[in-house]
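Text of run-v4.txt, listed as compact mmCIF, C-alpha atoms:
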# COMPACT_ATOMS: atom_id res chain seq x y z
CA MET A 1 0.00 0.00 0.00
CA GLN A 2 2.87 2.37 0.68
CA ALA A 3 4.05 1.90 -2.90
CA LEU A 4 0.52 2.50 -4.21
CA TYR A 5 0.16 5.75 -2.24
CA ALA A 6 3.60 6.87 -3.42
CA GLN A 7 2.62 6.33 -7.05
CA LEU A 8 -0.65 8.17 -6.52
CA LEU A 9 1.31 11.12 -5.12
CA VAL A 10 3.67 11.06 -8.11
CA GLY A 11 0.63 10.93 -10.38
CA LEU A 12 -0.94 13.96 -8.68
CA ILE A 13 2.32 15.92 -9.01
CA ASN A 14 2.67 15.04 -12.69
CA GLY A 15 -1.03 15.84 -13.10
CA SER A 16 -0.39 19.29 -11.63
CA PHE A 17 2.19 20.01 -14.33
CA TYR A 18 -0.02 18.49 -17.03
CA ALA A 19 -2.95 20.65 -15.90
CA LEU A 20 -0.99 23.92 -15.81
CA LEU A 21 0.68 23.30 -19.16
CA SER A 22 -2.45 22.06 -20.91
CA LEU A 23 -4.39 24.98 -19.44
CA GLY A 24 -1.93 27.41 -21.03
CA LEU A 25 -2.22 25.55 -24.34
CA ALA A 26 -6.02 25.58 -24.13
CA VAL A 27 -6.07 29.32 -23.41
CA ILE A 28 -3.82 30.03 -26.40
CA PHE A 29 -5.70 27.73 -28.77
CA GLY A 30 -9.16 28.72 -27.55
CA MET A 31 -8.48 32.47 -27.67
CA LEU A 32 -5.91 32.76 -30.49
CA ASN A 33 -6.49 29.58 -32.53
CA ILE A 34 -2.75 28.80 -32.46
CA ILE A 35 -1.27 25.35 -31.75
CA ASN A 36 1.65 26.51 -29.61
CA PHE A 37 4.37 23.87 -29.95
CA ALA A 38 6.84 26.24 -28.22
CA HIS A 39 4.99 25.69 -24.93
CA GLY A 40 7.49 23.10 -23.66
CA ALA A 41 10.43 25.41 -24.37
CA LEU A 42 8.71 28.26 -22.52
CA TYR A 43 8.07 25.92 -19.57
CA MET A 44 11.81 25.21 -19.55
CA MET A 45 12.54 28.94 -19.74
CA GLY A 46 10.44 29.50 -16.61
CA ALA A 47 12.63 27.06 -14.69
CA PHE A 48 15.82 28.67 -16.01
CA VAL A 49 14.60 32.19 -15.16
CA ALA A 50 13.97 31.02 -11.57
CA TYR A 51 17.48 29.51 -11.53
CA PHE A 52 19.05 32.76 -12.81
CA LEU A 53 17.06 34.89 -10.36
CA LEU A 54 18.34 32.80 -7.45
CA ASN A 55 21.96 32.32 -8.48
CA ILE A 56 22.64 35.68 -10.14
CA GLY A 57 20.18 38.08 -8.52
CA GLY A 58 19.78 36.38 -5.15
CA ILE A 59 15.99 36.42 -5.61
CA ASN A 60 14.33 33.55 -3.77
CA TYR A 61 11.71 31.01 -4.85
CA TRP A 62 8.70 33.02 -3.68
CA TRP A 63 9.59 36.03 -5.80
CA ALA A 64 10.46 33.70 -8.70
CA LEU A 65 6.86 32.41 -8.64
CA LEU A 66 5.79 35.96 -9.51
CA LEU A 67 8.68 37.25 -11.62
CA ALA A 68 9.43 34.23 -13.83
CA PRO A 69 5.91 34.05 -15.36
CA ILE A 70 5.99 37.81 -15.96
CA ILE A 71 9.42 37.70 -17.64
CA VAL A 72 8.58 34.69 -19.82
CA GLY A 73 5.14 36.17 -20.51
CA ILE A 74 6.76 39.34 -21.83
CA PHE A 75 9.04 37.21 -24.02
CA GLY A 76 5.94 35.40 -25.30
CA MET A 77 4.18 38.68 -26.07
CA ILE A 78 7.22 39.80 -28.08
CA LEU A 79 7.00 36.54 -30.05
CA GLU A 80 3.30 37.12 -30.69
CA ARG A 81 3.81 40.72 -31.85
CA THR A 82 6.80 39.99 -34.09
CA MET A 83 5.88 36.57 -35.53
CA LEU A 84 2.60 34.93 -34.56
CA GLN A 85 0.31 37.85 -35.37
CA TRP A 86 1.06 37.38 -39.08
CA LEU A 87 -0.50 33.90 -38.96
CA THR A 88 -4.02 35.20 -38.32
CA GLY A 89 -6.48 33.51 -40.66
CA LEU A 90 -3.95 30.99 -41.97
CA ASP A 91 -4.09 27.21 -41.58
CA HIS A 92 -3.14 25.75 -38.16
CA LEU A 93 -0.17 24.02 -39.77
CA TYR A 94 1.69 27.32 -40.19
CA GLY A 95 1.43 28.14 -36.49
CA LEU A 96 2.48 24.63 -35.52
CA LEU A 97 5.56 24.72 -37.76
CA LEU A 98 6.57 28.22 -36.64
CA THR A 99 6.23 27.46 -32.92
CA PHE A 100 8.00 24.12 -33.39
CA GLY A 101 10.90 25.99 -34.99
CA ILE A 102 10.95 28.50 -32.11
CA ALA A 103 11.02 25.61 -29.62
CA LEU A 104 14.01 24.02 -31.38
CA ILE A 105 15.91 27.34 -31.41
CA VAL A 106 15.24 28.08 -27.71
CA GLN A 107 16.14 24.55 -26.61
CA GLY A 108 19.24 24.55 -28.80
CA VAL A 109 20.50 27.83 -27.33
CA PHE A 110 20.07 26.65 -23.74
CA GLN A 111 21.54 23.24 -24.49
CA ASN A 112 24.57 24.85 -26.14
CA TYR A 113 25.35 26.95 -23.05
CA PHE A 114 24.22 24.62 -20.24
CA GLY A 115 24.53 21.10 -21.67
CA SER A 116 21.98 18.35 -21.10
CA SER A 117 22.59 17.64 -17.42
CA GLY A 118 20.30 19.05 -14.76
CA LEU A 119 21.10 22.08 -12.60
CA PRO A 120 19.97 21.89 -8.95
CA TYR A 121 17.35 24.27 -7.58
CA ALA A 122 16.85 24.09 -3.82
CA ILE A 123 13.47 23.67 -2.16
CA PRO A 124 12.68 26.79 -0.07
CA ASP A 125 13.25 26.35 3.66
CA GLN A 126 9.55 26.90 4.47
CA LEU A 127 8.57 23.87 2.35
CA ARG A 128 11.23 21.38 3.45
CA GLY A 129 10.45 18.20 5.35
CA GLY A 130 7.24 16.22 5.33
CA MET A 131 4.11 15.23 7.19
CA ASN A 132 3.13 11.79 8.45
CA LEU A 133 -0.48 11.24 7.37
CA GLY A 134 -0.69 7.83 9.00
CA PHE A 135 -1.01 5.90 5.78
CA MET A 136 1.91 7.64 4.02
CA PHE A 137 4.66 10.24 4.41
CA LEU A 138 3.85 13.38 2.41
CA PRO A 139 6.74 15.71 1.43
CA VAL A 140 5.55 19.25 2.11
CA TYR A 141 6.82 20.68 -1.18
CA ARG A 142 5.02 18.10 -3.27
CA GLY A 143 1.78 18.74 -1.43
CA TRP A 144 2.27 22.47 -2.01
CA VAL A 145 2.74 21.91 -5.76
CA VAL A 146 -0.56 20.02 -6.04
CA VAL A 147 -2.59 22.54 -4.01
CA PHE A 148 -1.05 25.65 -5.60
CA SER A 149 -1.48 24.28 -9.15
CA LEU A 150 -5.14 23.50 -8.49
CA VAL A 151 -5.76 27.01 -7.11
CA VAL A 152 -4.06 28.67 -10.11
CA CYS A 153 -6.00 26.50 -12.58
CA LEU A 154 -9.36 27.27 -10.97
CA ALA A 155 -8.53 30.99 -10.74
CA THR A 156 -7.66 31.05 -14.45
CA TRP A 157 -10.90 29.25 -15.31
CA PHE A 158 -12.87 31.77 -13.22
CA LEU A 159 -11.10 34.71 -14.90
CA ILE A 160 -11.89 33.50 -18.41
CA GLU A 161 -15.37 32.04 -17.90
CA LYS A 162 -16.94 34.20 -15.19
CA THR A 163 -15.57 37.74 -15.46
CA GLN A 164 -16.18 40.65 -17.83
CA LEU A 165 -12.56 40.54 -19.00
CA GLY A 166 -12.98 36.88 -19.92
CA ALA A 167 -16.18 37.73 -21.80
CA TYR A 168 -14.27 40.35 -23.80
CA LEU A 169 -11.54 37.79 -24.58
CA ARG A 170 -14.03 35.21 -25.83
CA ALA A 171 -15.92 37.80 -27.84
CA ALA A 172 -12.69 39.09 -29.41
CA THR A 173 -11.96 35.64 -30.83
CA GLU A 174 -15.48 35.05 -32.17
CA ASN A 175 -16.32 38.50 -33.55
CA PRO A 176 -13.33 40.88 -33.40
CA THR A 177 -15.01 43.50 -35.62
CA LEU A 178 -17.92 43.91 -33.21
CA VAL A 179 -15.59 44.09 -30.21
CA ARG A 180 -13.54 46.81 -31.92
CA ALA A 181 -16.77 48.76 -32.38
CA PHE A 182 -17.02 48.98 -28.58
CA GLY A 183 -13.61 50.67 -28.46
CA ILE A 184 -11.64 47.62 -27.28
CA ASN A 185 -8.10 47.11 -28.58
CA VAL A 186 -8.38 43.54 -29.88
CA PRO A 187 -4.71 43.04 -30.95
CA ARG A 188 -3.58 44.10 -27.47
CA MET A 189 -6.01 41.64 -25.87
CA ILE A 190 -4.72 38.84 -28.08
CA THR A 191 -1.12 39.67 -27.14
CA LEU A 192 -1.95 39.70 -23.42
CA THR A 193 -3.78 36.38 -23.79
CA TYR A 194 -0.72 34.77 -25.34
CA GLY A 195 1.38 36.22 -22.52
CA LEU A 196 -1.03 34.68 -19.99
CA GLY A 197 -0.79 31.27 -21.65
CA VAL A 198 3.01 31.16 -21.71
CA GLY A 199 3.12 32.66 -18.21
CA LEU A 200 1.21 29.60 -16.96
CA ALA A 201 3.83 27.39 -18.63
CA ALA A 202 6.63 29.36 -16.95
CA LEU A 203 4.87 29.03 -13.58
CA ALA A 204 4.79 25.26 -14.04
CA GLY A 205 8.53 25.41 -14.80
CA VAL A 206 9.26 27.21 -11.52
CA LEU A 207 7.20 24.65 -9.57
CA SER A 208 9.00 21.81 -11.34
CA ALA A 209 12.56 23.11 -10.83
CA PRO A 210 13.11 21.79 -7.26
CA ILE A 211 11.63 18.38 -8.18
CA ASN A 212 12.98 17.65 -11.66
CA GLN A 213 16.01 19.98 -11.71
CA VAL A 214 16.55 22.60 -14.41
CA ARG A 215 17.35 21.05 -17.81
CA PRO A 216 17.24 22.40 -21.38
CA LEU A 217 15.17 19.41 -22.57
CA MET A 218 12.76 19.25 -19.63
CA GLY A 219 9.99 20.72 -21.78
CA ALA A 220 10.60 18.33 -24.66
CA ASP A 221 9.99 15.41 -22.28
CA LEU A 222 6.50 16.70 -21.42
CA ILE A 223 5.08 18.51 -24.42
CA ILE A 224 3.80 15.46 -26.35
CA VAL A 225 1.97 14.15 -23.27
CA VAL A 226 0.52 17.60 -22.62
CA PHE A 227 -0.80 17.83 -26.18
CA ALA A 228 -2.45 14.45 -25.64
CA VAL A 229 -4.06 15.84 -22.47
CA VAL A 230 -5.41 18.85 -24.41
CA VAL A 231 -6.81 16.62 -27.16
CA ILE A 232 -8.52 14.31 -24.64
CA GLY A 233 -10.01 17.22 -22.71
CA GLY A 234 -11.08 19.03 -25.87
CA MET A 235 -9.05 21.59 -27.83
CA GLY A 236 -9.63 25.01 -26.29
CA SER A 237 -11.64 23.69 -23.31
CA ILE A 238 -10.39 25.34 -20.11
CA MET A 239 -12.10 23.10 -17.55
CA GLY A 240 -11.53 20.04 -19.72
CA SER A 241 -7.76 20.64 -19.63
CA ILE A 242 -7.75 21.03 -15.84
CA ILE A 243 -9.79 17.91 -15.12
CA THR A 244 -8.03 15.79 -17.73
CA GLY A 245 -4.56 16.91 -16.61
CA PHE A 246 -5.05 15.84 -13.00
CA ALA A 247 -7.00 12.69 -13.95
CA LEU A 248 -4.40 11.45 -16.43
CA GLY A 249 -1.62 12.09 -13.93
CA VAL A 250 -3.40 9.83 -11.42
CA ILE A 251 -4.13 7.20 -14.09
CA GLU A 252 -0.47 7.25 -15.11
CA GLY A 253 0.57 6.79 -11.46
CA LEU A 254 -1.81 3.86 -10.99
CA THR A 255 -0.53 2.29 -14.21
CA LYS A 256 3.05 2.49 -12.91
CA TYR A 257 1.94 0.50 -9.86
CA PHE A 258 -0.23 -2.16 -11.51
CA TYR A 259 1.39 -2.48 -14.96
CA PRO A 260 4.63 -0.42 -15.21
CA GLU A 261 5.33 -1.47 -18.81
CA ALA A 262 2.31 0.51 -20.03
CA SER A 263 2.91 3.68 -18.00
CA ASN A 264 4.52 5.55 -20.90
CA THR A 265 1.77 4.73 -23.37
CA VAL A 266 -1.44 4.74 -21.31
CA VAL A 267 -2.10 8.43 -22.04
CA PHE A 268 -1.92 7.88 -25.80
CA VAL A 269 -4.07 4.74 -25.63
CA LEU A 270 -6.71 6.78 -23.78
CA MET A 271 -6.40 9.54 -26.38
CA VAL A 272 -7.10 7.09 -29.20
CA LEU A 273 -10.10 5.61 -27.36
CA VAL A 274 -11.57 9.05 -26.61
CA LEU A 275 -11.12 10.25 -30.19
CA LEU A 276 -12.82 7.11 -31.51
CA VAL A 277 -15.85 7.75 -29.31
CA LYS A 278 -15.89 11.57 -29.25
CA PRO A 279 -13.57 13.25 -31.80
CA THR A 280 -13.97 16.70 -30.19
CA GLY A 281 -12.63 15.44 -26.83
CA LEU A 282 -14.43 14.90 -23.54
CA THR A 283 -15.61 18.48 -23.11
CA GLY A 284 -14.89 19.94 -26.56
CA ARG A 285 -17.56 21.24 -28.91
CA ALA A 286 -17.81 20.73 -32.65
CA ALA A 287 -16.71 23.70 -34.75
Turn the structure described in the file into structure tokens.
Amino acid sequence: MQALYAQLLVGLINGSFYALLSLGLAVIFGMLNIINFAHGALYMMGAFVAYFLLNIGGINYWWALLLAPIIVGIFGMILERTMLQWLTGLDHLYGLLLTFGIALIVQGVFQNYFGSSGLPYAIPDQLRGGMNLGFMFLPVYRGWVVVFSLVVCLATWFLIEKTQLGAYLRAATENPTLVRAFGINVPRMITLTYGLGVGLAALAGVLSAPINQVRPLMGADLIIVVFAVVVIGGMGSIMGSIITGFALGVIEGLTKYFYPEASNTVVFVLMVLVLLVKPTGLTGRAA
């Protein structure tokens, strides 16, 4: 039972990263209609920014949670203004190829300067140690990652689905001409939305740094699984990405306990099954 609980905890932690990353992808696709293959590289950049802030600027983990998403978000907005905005109205393939190329360039630059080995990032003192729950020993930092990720995901969902700003964002993607008639700067909203999406990826990178270390290819290891999560939940579905991210993390953890040989493929098997039954994903809607 101890091994089962340990795998469930690992599944929840992985699910936290899946949910945050797939949420950012869903925001970008749902609002901008762009398949952002650079998401994994921007996740990696978030971890590296936290590493630089600590080792060069002496800025601790708590400030990195705020500053790294902002810095990477600004970088993402520059990408959107200089490159991605020209893809409006074109086929999805162009956005996928462009962002895939950006991902290769970013990963290549970091790998050239820092190699492939991981760089350590210390857990903050306030989150060291663990708690004995009776049935298992829970490391405090890992529990924090799960809870904080869930809060951020739900807050993002509330912002987009339940607030006036979110209503403007959704309207700007469906009928930009009408939204402009109300005096709203649609291109600026689109740029900020892309910044929000990549900021969520950077936040996941900061959370991951003390657990998985900081590596140039850390995003490449996750991005394919995260795309599978988005497809299962429904392309552009905010709540679908959150639920599916956590659920698939748990399913992956259970698979590692009961049938370890299938743990690396269970997500893709589920994706195929879901697409056979419901091609738009669990919570997606037909175009």
With 10 Å as the cut-off and all atoms listed in the file counted, what is the closest atom pair between each nearby residue of region 173-285 of chain A and region 149-169 of chain A? Distances in Å to one decimal, ordered by chain and number, as CSV.
residue,atom,partner,partner_atom,distance
A:Thr173,CA,A:Leu169,CA,6.6
A:Glu174,CA,A:Leu169,CA,9.0
A:Pro176,CA,A:Leu169,CA,9.5
A:Val179,CA,A:Tyr168,CA,7.5
A:Ile184,CA,A:Tyr168,CA,8.5
A:Val186,CA,A:Leu169,CA,8.4
A:Met189,CA,A:Leu169,CA,6.9
A:Ile190,CA,A:Leu169,CA,7.7
A:Leu192,CA,A:Leu169,CA,9.8
A:Thr193,CA,A:Leu169,CA,7.9
A:Leu196,CA,A:Thr156,CA,9.4
A:Gly197,CA,A:Thr156,CA,10.0
A:Leu200,CA,A:Val152,CA,8.7
A:Leu203,CA,A:Ser149,CA,9.1
A:Ala204,CA,A:Ser149,CA,8.0
A:Leu207,CA,A:Ser149,CA,8.7
A:Ser237,CA,A:Trp157,CA,9.8
A:Ile238,CA,A:Trp157,CA,6.2
A:Met239,CA,A:Trp157,CA,6.7
A:Ser241,CA,A:Cys153,CA,9.3
A:Ile242,CA,A:Cys153,CA,6.6
A:Ile243,CA,A:Cys153,CA,9.7
A:Phe246,CA,A:Leu150,CA,8.9
Query - d(CA of Val229 (chain A), CA of Leu275 (chain A)) in Å - result: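 One can read the CA of Val229 (chain A) to CA of Leu275 (chain A) distance as 11.9 Å.
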Within 12 Å of Gly101 (chain A), counting only C-alpha atoms, which residues show up once you throw out same-chain ones fewer than 2 positions away? Write them as a JSON list (two decimals) with C-alpha atoms, in the coordinates of the input, please.
[["chain", "number", "residue", "atom", "x", "y", "z"],
["A", 36, "ASN", "CA", 1.65, 26.51, -29.61],
["A", 37, "PHE", "CA", 4.37, 23.87, -29.95],
["A", 38, "ALA", "CA", 6.84, 26.24, -28.22],
["A", 39, "HIS", "CA", 4.99, 25.69, -24.93],
["A", 41, "ALA", "CA", 10.43, 25.41, -24.37],
["A", 83, "MET", "CA", 5.88, 36.57, -35.53],
["A", 94, "TYR", "CA", 1.69, 27.32, -40.19],
["A", 95, "GLY", "CA", 1.43, 28.14, -36.49],
["A", 96, "LEU", "CA", 2.48, 24.63, -35.52],
["A", 97, "LEU", "CA", 5.56, 24.72, -37.76],
["A", 98, "LEU", "CA", 6.57, 28.22, -36.64],
["A", 99, "THR", "CA", 6.23, 27.46, -32.92],
["A", 103, "ALA", "CA", 11.02, 25.61, -29.62],
["A", 104, "LEU", "CA", 14.01, 24.02, -31.38],
["A", 105, "ILE", "CA", 15.91, 27.34, -31.41],
["A", 106, "VAL", "CA", 15.24, 28.08, -27.71],
["A", 107, "GLN", "CA", 16.14, 24.55, -26.61],
["A", 108, "GLY", "CA", 19.24, 24.55, -28.80]]
Query raised in the report: With distances taken over all atoms listed in the file, which of A:Pro216, A:Leu138, A:Val267, A:Gly234 is nearest to Val250 (chain A)?
Result: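 For Val250 (chain A), the nearest of the candidates is A:Val267.
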Within 9 Å of region 140-146 of chain A: each region 179-246 of chain A residue with its shortest pair, only C-alpha atoms, as a tab-separated table:
residue	atom	partner	partner_atom	distance
A:Leu207	CA	A:Val145	CA	6.5
A:Ser208	CA	A:Val145	CA	8.4
A:Pro210	CA	A:Tyr141	CA	8.8
A:Ile211	CA	A:Arg142	CA	8.2
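Among A:Phe29, A:Tyr5, A:Phe75, A:Tyr51, the residue with the shortest atom-to-atom distance to Gly195 (chain A), counting all atoms listed in the file, is A:Phe75.
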